[in-house]
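This is input.cif. It holds mmCIF, C-alpha atoms and all ligand atoms.
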```
data_my_file
loop_
_atom_site.label_atom_id
_atom_site.label_comp_id
_atom_site.auth_asym_id
_atom_site.auth_seq_id
_atom_site.Cartn_x
_atom_site.Cartn_y
_atom_site.Cartn_z
CA MET A 1 14.24 4.81 -10.63
CA TYR A 2 13.09 8.35 -9.98
CA LEU A 3 10.48 10.92 -10.91
CA LYS A 4 12.16 13.89 -12.59
CA ASN A 5 9.16 16.08 -13.17
CA LEU A 6 5.53 16.09 -12.10
CA THR A 7 2.68 18.11 -13.61
CA ALA A 8 -0.79 18.07 -12.07
CA VAL A 9 -3.72 20.01 -13.55
CA ASN A 10 -7.10 20.28 -11.79
CA PHE A 11 -6.04 17.55 -9.38
CA LYS A 12 -7.70 18.01 -5.97
CA ASN A 13 -6.77 21.49 -4.66
CA PHE A 14 -4.17 22.15 -7.41
CA GLN A 15 -5.17 24.16 -10.45
CA GLU A 16 -1.79 23.63 -12.04
CA VAL A 17 1.45 22.58 -10.44
CA VAL A 18 4.82 21.67 -11.97
CA LEU A 19 7.58 20.20 -9.80
CA ASP A 20 11.19 19.49 -10.74
CA CYS A 21 12.18 16.75 -8.34
CA VAL A 22 15.62 15.59 -7.22
CA PRO A 23 16.64 11.90 -7.35
CA ARG A 24 16.90 11.58 -3.57
CA LEU A 25 14.95 13.51 -0.92
CA ASN A 26 12.06 15.81 -1.82
CA CYS A 27 10.19 17.49 1.03
CA PHE A 28 6.79 19.13 0.98
CA ILE A 29 6.42 21.67 3.78
CA GLY A 30 3.19 23.50 4.52
CA ASP A 31 0.30 24.06 6.89
CA ASN A 32 -2.59 21.69 7.43
CA GLY A 33 -4.79 21.46 4.37
CA ALA A 34 -2.19 23.05 2.05
CA GLY A 35 -2.04 20.09 -0.33
CA LYS A 36 1.05 18.07 0.72
CA THR A 37 -0.76 14.74 0.90
CA ASN A 38 -2.52 15.55 -2.38
CA LEU A 39 0.88 15.85 -4.10
CA LEU A 40 1.91 12.44 -2.73
CA ASP A 41 -1.40 11.07 -3.98
CA ALA A 42 -0.70 12.42 -7.48
CA ILE A 43 2.60 10.49 -7.49
CA TYR A 44 0.84 7.39 -6.14
CA TYR A 45 -1.77 7.72 -8.89
CA LEU A 46 0.88 7.64 -11.63
CA SER A 47 2.12 4.26 -10.32
CA PHE A 48 -1.20 2.57 -9.49
CA THR A 49 -3.64 4.38 -11.86
CA LYS A 50 -5.78 5.28 -8.88
CA SER A 51 -5.77 7.40 -5.76
CA PHE A 52 -4.51 5.96 -2.48
CA PHE A 53 -7.58 7.53 -0.83
CA ASN A 54 -10.59 7.51 -3.18
CA SER A 55 -11.50 4.77 -5.57
CA VAL A 56 -14.00 7.19 -7.14
CA ASP A 57 -12.13 9.24 -9.72
CA HIS A 58 -14.34 12.29 -9.84
CA MET A 59 -13.48 12.98 -6.16
CA ASN A 60 -9.96 13.82 -7.37
CA VAL A 61 -11.15 16.47 -9.81
CA ARG A 62 -10.68 20.02 -8.54
CA HIS A 63 -14.02 21.39 -7.35
CA GLY A 64 -15.78 23.31 -10.12
CA GLU A 65 -13.91 21.46 -12.93
CA ASN A 66 -14.75 18.26 -14.78
CA TRP A 67 -11.36 16.79 -15.67
CA PHE A 68 -7.84 16.33 -14.34
CA MET A 69 -4.49 15.39 -15.81
CA LEU A 70 -1.31 14.05 -14.23
CA LYS A 71 1.99 13.76 -16.05
CA GLY A 72 5.23 12.25 -14.77
CA PHE A 73 8.66 12.08 -16.42
CA TYR A 74 10.68 9.25 -14.96
CA ASN A 75 14.14 7.89 -15.25
CA ARG A 76 13.67 4.14 -15.03
CA THR A 77 16.78 1.98 -15.16
CA GLY A 78 18.45 4.67 -17.29
CA LYS A 79 15.53 5.04 -19.71
CA GLU A 80 13.10 7.98 -19.93
CA GLU A 81 9.44 7.19 -19.36
CA GLU A 82 6.53 9.60 -19.73
CA ILE A 83 3.30 8.57 -18.03
CA ILE A 84 0.09 10.55 -18.49
CA CYS A 85 -3.14 9.84 -16.59
CA SER A 86 -6.16 11.79 -17.72
CA TYR A 87 -9.72 11.69 -16.54
CA GLN A 88 -12.80 13.48 -17.80
CA GLU A 89 -16.13 13.10 -16.06
CA SER A 90 -18.48 10.55 -17.68
CA GLN A 91 -15.63 9.23 -19.84
CA LYS A 92 -13.17 6.39 -19.34
CA LYS A 93 -9.87 7.44 -17.85
CA GLN A 94 -6.79 7.00 -19.95
CA ILE A 95 -3.23 6.03 -19.07
CA LYS A 96 -0.50 6.56 -21.64
CA ARG A 97 3.07 5.34 -21.51
CA ASN A 98 5.29 7.29 -23.91
CA SER A 99 2.19 8.50 -25.84
CA LYS A 100 0.79 4.98 -26.24
CA ALA A 101 -2.46 4.20 -24.40
CA TYR A 102 -2.68 1.01 -22.36
CA ARG A 103 -5.52 -1.31 -23.20
CA LYS A 104 -5.86 -2.41 -19.60
CA MET A 105 -4.89 -0.40 -16.50
CA SER A 106 -3.46 -3.55 -14.91
CA GLU A 107 -0.71 -3.66 -17.57
CA HIS A 108 0.80 -0.56 -15.96
CA ILE A 109 0.94 -1.89 -12.38
CA GLY A 110 4.48 -2.83 -11.38
CA LEU A 111 6.21 -0.61 -13.97
CA LEU A 112 6.88 2.14 -11.43
CA PRO A 113 7.12 0.41 -8.03
CA LEU A 114 6.13 2.61 -5.11
CA VAL A 115 5.58 2.27 -1.38
CA MET A 116 3.33 4.69 0.49
CA VAL A 117 3.63 5.20 4.25
CA SER A 118 0.48 6.96 5.43
CA PRO A 119 -1.30 7.68 8.73
CA GLY A 120 -4.12 5.58 7.19
CA ASP A 121 -1.90 2.49 7.60
CA SER A 122 -3.14 2.26 11.20
CA VAL A 123 -6.08 0.18 9.89
CA LEU A 124 -3.55 -2.65 9.58
CA ILE A 125 -3.37 -2.74 13.37
CA MET A 126 -6.82 -1.51 14.36
CA GLY A 127 -8.94 -2.89 11.49
CA GLY A 128 -10.30 -6.35 10.73
CA SER A 129 -8.37 -9.29 9.27
CA GLU A 130 -9.33 -8.30 5.69
CA GLU A 131 -6.99 -5.28 6.01
CA ARG A 132 -4.04 -7.54 6.82
CA ARG A 133 -4.90 -9.96 4.01
CA ARG A 134 -5.09 -6.97 1.65
CA PHE A 135 -1.58 -5.99 2.76
CA MET A 136 -0.19 -9.47 2.02
CA ASP A 137 -2.05 -9.67 -1.29
CA GLY A 138 -0.99 -6.15 -2.34
CA VAL A 139 2.70 -6.90 -1.86
CA ILE A 140 2.75 -10.42 -3.33
CA SER A 141 0.64 -9.59 -6.38
CA GLN A 142 2.95 -6.68 -7.31
CA PHE A 143 5.57 -9.20 -8.42
CA ASP A 144 3.65 -12.48 -8.83
CA SER A 145 0.84 -12.31 -11.39
CA GLY A 146 0.05 -16.03 -10.87
CA TYR A 147 -0.83 -15.21 -7.27
CA LEU A 148 -3.46 -12.69 -8.31
CA HIS A 149 -4.86 -15.22 -10.77
CA ASP A 150 -5.19 -17.88 -8.03
CA LEU A 151 -6.79 -15.36 -5.70
CA ILE A 152 -9.42 -14.39 -8.26
CA ARG A 153 -10.14 -18.05 -8.98
CA TYR A 154 -10.38 -18.89 -5.27
CA ASN A 155 -12.80 -16.04 -4.59
CA ARG A 156 -15.00 -16.99 -7.52
CA VAL A 157 -15.34 -20.62 -6.38
CA LEU A 158 -15.83 -19.50 -2.78
CA MET A 159 -18.76 -17.36 -3.87
CA GLN A 160 -20.28 -20.29 -5.78
CA ARG A 161 -19.88 -22.60 -2.77
CA ASN A 162 -21.46 -20.01 -0.45
CA ASN A 163 -24.38 -19.54 -2.84
CA LEU A 164 -24.98 -23.27 -2.87
CA LEU A 165 -24.84 -23.44 0.94
CA LYS A 166 -27.53 -20.76 1.09
CA GLN A 167 -29.80 -22.64 -1.31
CA VAL A 168 -29.24 -25.89 0.54
CA SER A 169 -30.44 -24.33 3.76
CA GLN A 170 -33.63 -23.18 2.07
CA GLY A 171 -34.91 -26.73 2.13
CA GLN A 172 -33.17 -28.11 -0.96
CA ALA A 173 -31.08 -31.24 -0.72
CA PRO A 174 -27.35 -30.54 -0.78
CA ASP A 175 -25.66 -31.59 -3.95
CA VAL A 176 -22.64 -33.17 -2.34
CA GLU A 177 -20.99 -33.86 -5.68
CA VAL A 178 -21.02 -30.20 -6.62
CA ILE A 179 -19.73 -29.25 -3.16
CA ASP A 180 -16.95 -31.78 -3.62
CA VAL A 181 -15.94 -30.22 -6.95
CA TYR A 182 -15.83 -26.80 -5.29
CA ASP A 183 -13.82 -28.22 -2.39
CA GLY A 184 -11.26 -29.64 -4.80
CA GLN A 185 -10.92 -26.33 -6.64
CA LEU A 186 -10.70 -24.31 -3.42
CA ALA A 187 -8.08 -26.70 -2.05
CA GLU A 188 -5.99 -26.37 -5.21
CA SER A 189 -5.81 -22.57 -5.44
CA GLY A 190 -6.06 -22.08 -1.65
CA THR A 191 -3.00 -24.24 -1.03
CA LYS A 192 -0.94 -22.27 -3.56
CA ILE A 193 -1.98 -18.98 -1.95
CA PHE A 194 -1.20 -20.37 1.51
CA GLU A 195 2.28 -21.45 0.45
CA ARG A 196 3.11 -18.09 -1.11
CA ARG A 197 1.84 -16.18 1.93
CA ILE A 198 4.00 -18.39 4.19
CA SER A 199 7.13 -17.78 2.17
CA PHE A 200 6.45 -14.03 1.90
CA ILE A 201 5.99 -13.67 5.68
CA ARG A 202 9.01 -15.89 6.39
CA ASP A 203 11.26 -13.71 4.22
CA MET A 204 9.76 -10.41 5.32
CA VAL A 205 9.69 -10.81 9.12
CA PRO A 206 13.45 -10.68 9.80
CA VAL A 207 13.72 -7.54 7.63
CA PHE A 208 10.78 -5.97 9.46
CA GLN A 209 12.34 -6.78 12.86
CA LYS A 210 15.65 -5.32 11.72
CA TYR A 211 13.95 -2.01 10.80
CA TYR A 212 11.94 -1.91 14.02
CA SER A 213 15.07 -2.44 16.04
CA ILE A 214 16.96 0.31 14.18
CA ILE A 215 14.16 2.87 14.57
CA SER A 216 13.51 2.09 18.26
CA ARG A 217 17.24 1.67 18.94
CA GLY A 218 16.58 -1.86 20.13
CA VAL A 219 14.42 -0.96 23.12
CA GLU A 220 11.47 -3.16 22.13
CA ALA A 221 11.02 -6.51 20.43
CA VAL A 222 8.24 -7.05 17.93
CA GLY A 223 6.86 -10.07 16.14
CA LEU A 224 4.57 -10.91 13.28
CA GLU A 225 2.98 -14.28 12.76
CA TYR A 226 0.95 -15.62 9.89
CA LEU A 227 -2.28 -17.30 11.03
CA SER A 228 -4.11 -19.72 8.76
CA ASP A 229 -6.57 -22.61 9.07
CA LEU A 230 -4.30 -24.45 6.67
CA SER A 231 -1.53 -24.61 9.27
CA SER A 232 -3.53 -27.33 11.05
CA GLY A 233 -4.10 -29.54 8.01
CA PRO A 234 -4.77 -29.68 4.25
CA MET A 235 -7.49 -27.36 2.95
CA TYR A 236 -9.53 -30.19 1.45
CA ASP A 237 -9.74 -31.98 4.84
CA GLN A 238 -10.67 -28.73 6.59
CA LEU A 239 -13.56 -28.16 4.21
CA LYS A 240 -14.85 -31.65 4.88
CA ALA A 241 -14.45 -31.24 8.64
CA THR A 242 -16.36 -27.95 8.74
CA TYR A 243 -19.06 -28.88 6.22
CA ALA A 244 -21.78 -29.53 8.84
CA ARG A 245 -21.08 -26.16 10.43
CA ASP A 246 -20.89 -24.44 7.03
CA ARG A 247 -24.37 -25.74 6.20
CA MET A 248 -25.73 -24.34 9.41
CA VAL A 249 -24.21 -20.86 9.10
CA GLN A 250 -24.60 -20.84 5.27
CA TYR A 251 -21.06 -19.91 4.37
CA THR A 252 -17.61 -21.42 4.17
CA THR A 253 -15.97 -21.06 7.57
CA ALA A 254 -12.48 -22.47 6.86
CA GLY A 255 -9.91 -21.46 4.29
CA ILE A 256 -7.38 -18.84 3.30
CA HIS A 257 -10.14 -16.19 3.16
CA LYS A 258 -9.98 -16.32 6.98
CA ASP A 259 -6.18 -15.84 7.19
CA ASP A 260 -4.76 -13.16 9.43
CA MET A 261 -1.49 -11.81 10.77
CA SER A 262 -0.89 -11.52 14.49
CA LEU A 263 1.03 -8.32 15.27
CA ILE A 264 2.95 -8.56 18.53
CA LEU A 265 4.84 -6.22 20.84
CA GLY A 266 6.84 -8.17 23.43
CA ASP A 267 4.43 -10.99 24.23
CA HIS A 268 1.16 -9.13 23.65
CA PRO A 269 -1.00 -7.95 20.75
CA MET A 270 0.17 -4.59 19.41
CA LYS A 271 -3.45 -3.49 19.04
CA ARG A 272 -4.06 -3.75 22.78
CA ILE A 273 -0.84 -2.65 24.40
CA GLY A 274 1.11 -0.62 21.83
CA SER A 275 1.44 3.13 22.45
CA GLN A 276 0.70 5.42 19.51
CA GLY A 277 4.41 5.88 18.79
CA GLN A 278 5.07 2.15 19.04
CA GLN A 279 2.22 1.41 16.66
CA LYS A 280 3.51 4.03 14.25
CA THR A 281 7.04 2.57 14.45
CA TYR A 282 5.60 -0.89 13.79
CA LEU A 283 3.80 0.28 10.66
CA ILE A 284 6.78 2.20 9.29
CA ALA A 285 9.06 -0.82 9.86
CA LEU A 286 6.50 -3.01 8.07
CA LYS A 287 6.35 -0.65 5.08
CA LEU A 288 10.14 -0.41 4.90
CA ALA A 289 10.29 -4.22 4.89
CA GLN A 290 7.76 -4.14 2.04
CA PHE A 291 10.07 -1.71 0.26
CA GLU A 292 13.09 -3.99 0.64
CA PHE A 293 11.08 -6.99 -0.48
CA ILE A 294 9.89 -5.29 -3.69
CA ALA A 295 13.35 -3.84 -4.37
CA ASN A 296 14.86 -7.34 -4.14
CA VAL A 297 12.37 -9.08 -6.39
CA SER A 298 12.00 -6.32 -8.99
CA GLY A 299 15.62 -5.10 -9.00
CA ILE A 300 14.27 -1.51 -8.88
CA LYS A 301 14.24 0.71 -5.81
CA PRO A 302 10.60 1.81 -5.40
CA ILE A 303 9.70 5.46 -4.90
CA LEU A 304 9.02 5.95 -1.20
CA LEU A 305 6.25 8.33 -0.05
CA LEU A 306 6.40 9.24 3.63
CA ASP A 307 3.32 11.14 4.74
CA ASP A 308 3.28 12.66 8.21
CA ILE A 309 5.78 10.19 9.62
CA PHE A 310 6.99 12.62 12.30
CA ASP A 311 3.64 12.87 14.03
CA LYS A 312 3.61 10.86 17.34
CA LEU A 313 7.28 9.89 17.11
CA ASP A 314 9.97 11.15 19.46
CA LYS A 315 13.09 12.98 18.22
CA ASN A 316 15.28 9.89 18.36
CA ARG A 317 12.96 7.78 16.25
CA VAL A 318 12.50 10.55 13.68
CA GLU A 319 16.25 10.91 13.37
CA GLN A 320 16.73 7.15 13.00
CA ILE A 321 14.14 7.01 10.21
CA VAL A 322 15.64 9.90 8.27
CA LYS A 323 19.14 8.41 8.64
CA LEU A 324 17.82 5.05 7.52
CA VAL A 325 16.05 6.28 4.39
CA SER A 326 19.02 8.45 3.42
CA GLY A 327 21.07 5.25 3.13
CA ASP A 328 22.04 3.64 -0.16
CA GLN A 329 19.41 0.92 -0.09
CA PHE A 330 16.71 3.58 -0.60
CA GLY A 331 16.16 5.66 -3.73
CA GLN A 332 13.85 8.62 -4.32
CA ILE A 333 11.80 9.79 -1.37
CA PHE A 334 8.97 12.28 -0.94
CA ILE A 335 8.34 13.38 2.61
CA THR A 336 5.78 15.78 4.13
CA ASP A 337 5.94 17.91 7.23
CA THR A 338 4.30 21.03 8.62
CA ASN A 339 7.48 22.34 10.16
CA ARG A 340 10.47 23.47 8.15
CA GLU A 341 12.96 23.93 11.03
CA HIS A 342 12.22 20.48 12.27
CA LEU A 343 12.91 18.78 8.93
CA ASP A 344 15.69 21.08 7.75
CA ALA A 345 17.82 20.38 10.80
CA ILE A 346 17.56 16.62 10.47
CA LEU A 347 18.13 16.67 6.73
CA ARG A 348 21.22 18.83 6.96
CA SER A 349 22.72 16.45 9.48
CA VAL A 350 22.27 13.39 7.26
CA THR A 351 22.49 14.48 3.61
CA SER A 352 22.88 17.45 1.31
CA ASP A 353 20.99 15.92 -1.61
CA TYR A 354 17.50 17.24 -0.95
CA ARG A 355 15.00 19.84 -2.12
CA LEU A 356 12.33 21.61 -0.12
CA PHE A 357 9.02 22.67 -1.62
CA MET A 358 6.82 25.09 0.29
CA VAL A 359 3.16 24.19 -0.26
CA THR A 360 0.46 26.81 0.35
CA ASN A 361 -3.16 26.49 -0.72
CA GLY A 362 -2.63 24.42 -3.81
CA LYS A 363 0.59 26.16 -4.90
CA THR A 364 4.21 25.11 -4.50
CA GLU A 365 7.50 26.94 -4.52
CA GLY A 366 10.93 25.28 -4.54
CA VAL A 367 13.28 26.64 -1.87
CA SER A 368 16.20 24.23 -1.72
N1 LIG B 1 -11.42 17.61 -5.33
C1 LIG B 1 -10.94 18.63 -4.62
N2 LIG B 1 -11.07 19.91 -5.08
C2 LIG B 1 -10.59 20.95 -4.36
N3 LIG B 1 -9.97 20.82 -3.18
C3 LIG B 1 -9.83 19.58 -2.68
C4 LIG B 1 -10.29 18.42 -3.36
N4 LIG B 1 -10.00 17.33 -2.63
C5 LIG B 1 -9.38 17.78 -1.52
N5 LIG B 1 -9.27 19.12 -1.54
C6 LIG B 1 -8.68 20.00 -0.53
O1 LIG B 1 -7.34 19.66 -0.32
C7 LIG B 1 -6.99 20.02 0.99
C8 LIG B 1 -6.31 18.89 1.72
O2 LIG B 1 -5.09 18.74 1.17
P1 LIG B 1 -4.05 17.73 1.84
O3 LIG B 1 -4.73 16.57 2.47
O4 LIG B 1 -3.06 17.45 0.79
O5 LIG B 1 -3.45 18.66 2.98
P2 LIG B 1 -2.08 18.50 3.74
O6 LIG B 1 -1.17 19.60 3.31
O7 LIG B 1 -1.58 17.13 3.61
O8 LIG B 1 -2.55 18.80 5.24
P3 LIG B 1 -2.18 18.09 6.64
O9 LIG B 1 -0.91 18.74 7.13
O10 LIG B 1 -3.33 18.43 7.50
O11 LIG B 1 -2.04 16.64 6.40
C9 LIG B 1 -8.25 20.34 1.76
O12 LIG B 1 -8.32 21.74 1.93
C10 LIG B 1 -9.33 19.83 0.83
O13 LIG B 1 -10.49 20.59 0.92
MG MG B 2 -1.54 15.52 4.87
#
```

Re-express the file's structure as structure tokens.
Amino acid sequence: MYLKNLTAVNFKNFQEVVLDCVPRLNCFIGDNGAGKTNLLDAIYYLSFTKSFFNSVDHMNVRHGENWFMLKGFYNRTGKEEEIICSYQESQKKQIKRNSKAYRKMSEHIGLLPLVMVSPGDSVLIMGGSEERRRFMDGVISQFDSGYLHDLIRYNRVLMQRNNLLKQVSQGQAPDVEVIDVYDGQLAESGTKIFERRISFIRDMVPVFQKYYSIISRGVEAVGLEYLSDLSSGPMYDQLKATYARDRMVQYTTAGIHKDDMSLILGDHPMKRIGSQGQQKTYLIALKLAQFEFIANVSGIKPILLLDDIFDKLDKNRVEQIVKLVSGDQFGQIFITDTNREHLDAILRSVTSDYRLFMVTNGKTEGVS
């Protein structure tokens, strides 16, 4: 699958931009603040019906305007697809596929698979466990709609149980029968979520380690381990065992809403001992594993957006990454850099199928 043509009007710092893209490597070159990341975000938007950066749509409207429009022509498994996203302040945004509006935005998710590699990914290492759960959930729910359903159900019951625990502590007698019903429901959906997270991590880790080893040329070993309360026993039993504590602290302390991933370099946590380049390598390898995972389950090679991947990495690692993504297992790629010589030299050595776009202050010019 690939994006043939992108039009953005009044999107962030672009008044109007039209890009004819090539099926393989497209590179945005320009100074800081020129609009390279904004172009990647426009492409991200067309796949996910929202910005990678702001959940508030009016932040994406060019200053001084009150609407924006994004249009993408795709070739998807040999068929043409036209996607239009339009937003006008104080109105509902609209997404159209081949001139037909979707009723729900969620119907569009998964049609145009995409993986974004961004400097913002560092929250996966540095942030709290909710970031790592969001990563697992984001990947699994792209191809398993039942998973998302179970997650929504779990979170709803969890909220009800927590509300009851709060009331109970305000002097009311605990209704153990109601708690027991909640425990049964949490155990049912929680166990399904647990099992799917286990199988996702089990399949993904070897792929992730393969990519890390290629990029670092085998100089370091990394690991990733799924951590869950459910590993030490069934969810229902855990809820019973922690009930006294839950009553005291007024919330549910055990369950898949506490899951985490432990990210390891050698024998130590990546967060504590990883250098900036090692952390960056770790995140890129993780995203490439995500790419391979989605490609395998969907049968479509996702679009790959690589924002600022050269920052903090040495020459060898940069070259390994570009070689890797120029291989047959990857499809269309959009890559940003501030330095043309830097990128041009690597690209010429690995492939001829690429196009460069110079980006300056919200304008682009193709120079392939
Ligand atoms: N809604 C908006 N309206 C107008 N300009 C905007 C809007 N949102 C962001 N910008 C501008 O877009 C520019 C940032 O663009 P972007 O992040 O794409 O830069 P970049 O080329 O990726 O730079 P860097 O190399 O530093 O990453 C900033 O100048 C910012 O002020
Ligand atoms: Mg940028």

| message | Please determine, counting all atoms listed in the file, which residue among A:Thr338, A:Thr77, A:Thr191, A:Asn66 has the shortest atom-to-atom distance to ligand MG 2 (chain B). | response |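 Distance minimum relative to ligand MG 2 (chain B) lands on A:Thr338.
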
| query | Separation of atom CA of Met235 of chain A and atom CA of Gly223 of chain A, in Å? | reply |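 Value for the atom CA of Met235 of chain A-atom CA of Gly223 of chain A distance: 26.1 Å.
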
Emit as JSON the padded axis-aligned box for all listed atoms of ligand LIG 1 (chain B), 4 Å per side, with centre and edge lengths in Å to one decimal.
```
{"center_x": -6.2, "center_y": 19.2, "center_z": 1.1, "size_x": 18.5, "size_y": 13.2, "size_z": 20.8}
```

| request: Choose the residue, out of A:Glu16, A:Glu195, A:Glu80, A:Glu65, that has the smallest atom-to-atom separation from ligand LIG 1 (chain B); count only C-alpha atoms and all ligand atoms. | output: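 For ligand LIG 1 (chain B), the nearest of the given residues is A:Glu65.
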
For Arg76 of chain A, please output as a tab-separated table (two decimals) with C-alpha atoms, in the frame of the given file all residues within 8 Å (counting only C-alpha atoms; exclusion window: fewer than 5 positions along the same chain).
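For reference, selection_35.tsv as written:
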```tsv
chain	number	residue	atom	x	y	z
A	1	MET	CA	14.24	4.81	-10.63
A	2	TYR	CA	13.09	8.35	-9.98
A	81	GLU	CA	9.44	7.19	-19.36
A	112	LEU	CA	6.88	2.14	-11.43
```

| message | Applying 12 Å and all atoms listed in the file, which residues near Glu177 of chain A remain after dropping the ones on its own chain fewer than 6 positions away? List them as number ranges by chain. | response | A: 161, 164, 183-184

| request: Could I get the residue neighbourhood of ligand LIG 1 (chain B) at 9 Å, counting all atoms listed in the file, as number ranges by chain? | output: A: 10-15, 28-41, 58-65, 307-308, 336-338, 359-362

Selection: 12 Å around segment 82-99 of chain A, only C-alpha atoms, excl. self and same-chain fewer than 2 positions, as a PDB file with C-alpha atoms, in the frame of the given file:
```
ATOM      1  CA  TYR A   2      13.090   8.350  -9.980  1.00  0.00           C
ATOM      2  CA  LEU A   3      10.480  10.920 -10.910  1.00  0.00           C
ATOM      3  CA  LYS A   4      12.160  13.890 -12.590  1.00  0.00           C
ATOM      4  CA  ASN A   5       9.160  16.080 -13.170  1.00  0.00           C
ATOM      5  CA  LEU A   6       5.530  16.090 -12.100  1.00  0.00           C
ATOM      6  CA  THR A   7       2.680  18.110 -13.610  1.00  0.00           C
ATOM      7  CA  ALA A   8      -0.790  18.070 -12.070  1.00  0.00           C
ATOM      8  CA  VAL A   9      -3.720  20.010 -13.550  1.00  0.00           C
ATOM      9  CA  ASN A  10      -7.100  20.280 -11.790  1.00  0.00           C
ATOM     10  CA  PHE A  11      -6.040  17.550  -9.380  1.00  0.00           C
ATOM     11  CA  ALA A  42      -0.700  12.420  -7.480  1.00  0.00           C
ATOM     12  CA  ILE A  43       2.600  10.490  -7.490  1.00  0.00           C
ATOM     13  CA  TYR A  44       0.840   7.390  -6.140  1.00  0.00           C
ATOM     14  CA  TYR A  45      -1.770   7.720  -8.890  1.00  0.00           C
ATOM     15  CA  LEU A  46       0.880   7.640 -11.630  1.00  0.00           C
ATOM     16  CA  SER A  47       2.120   4.260 -10.320  1.00  0.00           C
ATOM     17  CA  PHE A  48      -1.200   2.570  -9.490  1.00  0.00           C
ATOM     18  CA  THR A  49      -3.640   4.380 -11.860  1.00  0.00           C
ATOM     19  CA  LYS A  50      -5.780   5.280  -8.880  1.00  0.00           C
ATOM     20  CA  SER A  51      -5.770   7.400  -5.760  1.00  0.00           C
ATOM     21  CA  VAL A  56     -14.000   7.190  -7.140  1.00  0.00           C
ATOM     22  CA  ASP A  57     -12.130   9.240  -9.720  1.00  0.00           C
ATOM     23  CA  HIS A  58     -14.340  12.290  -9.840  1.00  0.00           C
ATOM     24  CA  MET A  59     -13.480  12.980  -6.160  1.00  0.00           C
ATOM     25  CA  ASN A  60      -9.960  13.820  -7.370  1.00  0.00           C
ATOM     26  CA  VAL A  61     -11.150  16.470  -9.810  1.00  0.00           C
ATOM     27  CA  ARG A  62     -10.680  20.020  -8.540  1.00  0.00           C
ATOM     28  CA  GLY A  64     -15.780  23.310 -10.120  1.00  0.00           C
ATOM     29  CA  GLU A  65     -13.910  21.460 -12.930  1.00  0.00           C
ATOM     30  CA  ASN A  66     -14.750  18.260 -14.780  1.00  0.00           C
ATOM     31  CA  TRP A  67     -11.360  16.790 -15.670  1.00  0.00           C
ATOM     32  CA  PHE A  68      -7.840  16.330 -14.340  1.00  0.00           C
ATOM     33  CA  MET A  69      -4.490  15.390 -15.810  1.00  0.00           C
ATOM     34  CA  LEU A  70      -1.310  14.050 -14.230  1.00  0.00           C
ATOM     35  CA  LYS A  71       1.990  13.760 -16.050  1.00  0.00           C
ATOM     36  CA  GLY A  72       5.230  12.250 -14.770  1.00  0.00           C
ATOM     37  CA  PHE A  73       8.660  12.080 -16.420  1.00  0.00           C
ATOM     38  CA  TYR A  74      10.680   9.250 -14.960  1.00  0.00           C
ATOM     39  CA  ASN A  75      14.140   7.890 -15.250  1.00  0.00           C
ATOM     40  CA  ARG A  76      13.670   4.140 -15.030  1.00  0.00           C
ATOM     41  CA  LYS A  79      15.530   5.040 -19.710  1.00  0.00           C
ATOM     42  CA  GLU A  80      13.100   7.980 -19.930  1.00  0.00           C
ATOM     43  CA  ALA A 101      -2.460   4.200 -24.400  1.00  0.00           C
ATOM     44  CA  TYR A 102      -2.680   1.010 -22.360  1.00  0.00           C
ATOM     45  CA  ARG A 103      -5.520  -1.310 -23.200  1.00  0.00           C
ATOM     46  CA  LYS A 104      -5.860  -2.410 -19.600  1.00  0.00           C
ATOM     47  CA  MET A 105      -4.890  -0.400 -16.500  1.00  0.00           C
ATOM     48  CA  SER A 106      -3.460  -3.550 -14.910  1.00  0.00           C
ATOM     49  CA  GLU A 107      -0.710  -3.660 -17.570  1.00  0.00           C
ATOM     50  CA  HIS A 108       0.800  -0.560 -15.960  1.00  0.00           C
ATOM     51  CA  ILE A 109       0.940  -1.890 -12.380  1.00  0.00           C
ATOM     52  CA  LEU A 111       6.210  -0.610 -13.970  1.00  0.00           C
ATOM     53  CA  LEU A 112       6.880   2.140 -11.430  1.00  0.00           C
TER      54      LEU A 112
END
```

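Of the residues listed (A:Glu220, A:Leu227, A:Gln238, A:Phe53), A:Phe53 shows the shortest atom-to-atom separation from ligand MG 2 (chain B); distances use all atoms listed in the file.
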
| field | Residue contacts of Leu283 of chain A (9 Å, all atoms listed in the file) excluding same-chain residues fewer than 4 positions away, as a list in words | value |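 Once the adjacent positions are removed, what remains is Val117, Asp121, Ser122, Leu124, Ile125, Gln278, Gln279, Lys287 and Leu288 of chain A.
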
| said: With distances taken over all atoms listed in the file, which residue among A:Asp246, A:Pro119, A:Ser129, A:Pro113 lies nearest Val168 of chain A? | reply: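 Closest residue, counting all atoms listed in the file: A:Asp246.
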
| message | Taking all atoms listed in the file into account, name the residue in A:Ile309, A:Leu230, A:Met248, A:Met270 that is nearest to ligand MG 2 (chain B). | response |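 Checking each of A:Ile309, A:Leu230, A:Met248, A:Met270 against ligand MG 2 (chain B), counting all atoms listed in the file, the winner is A:Ile309.
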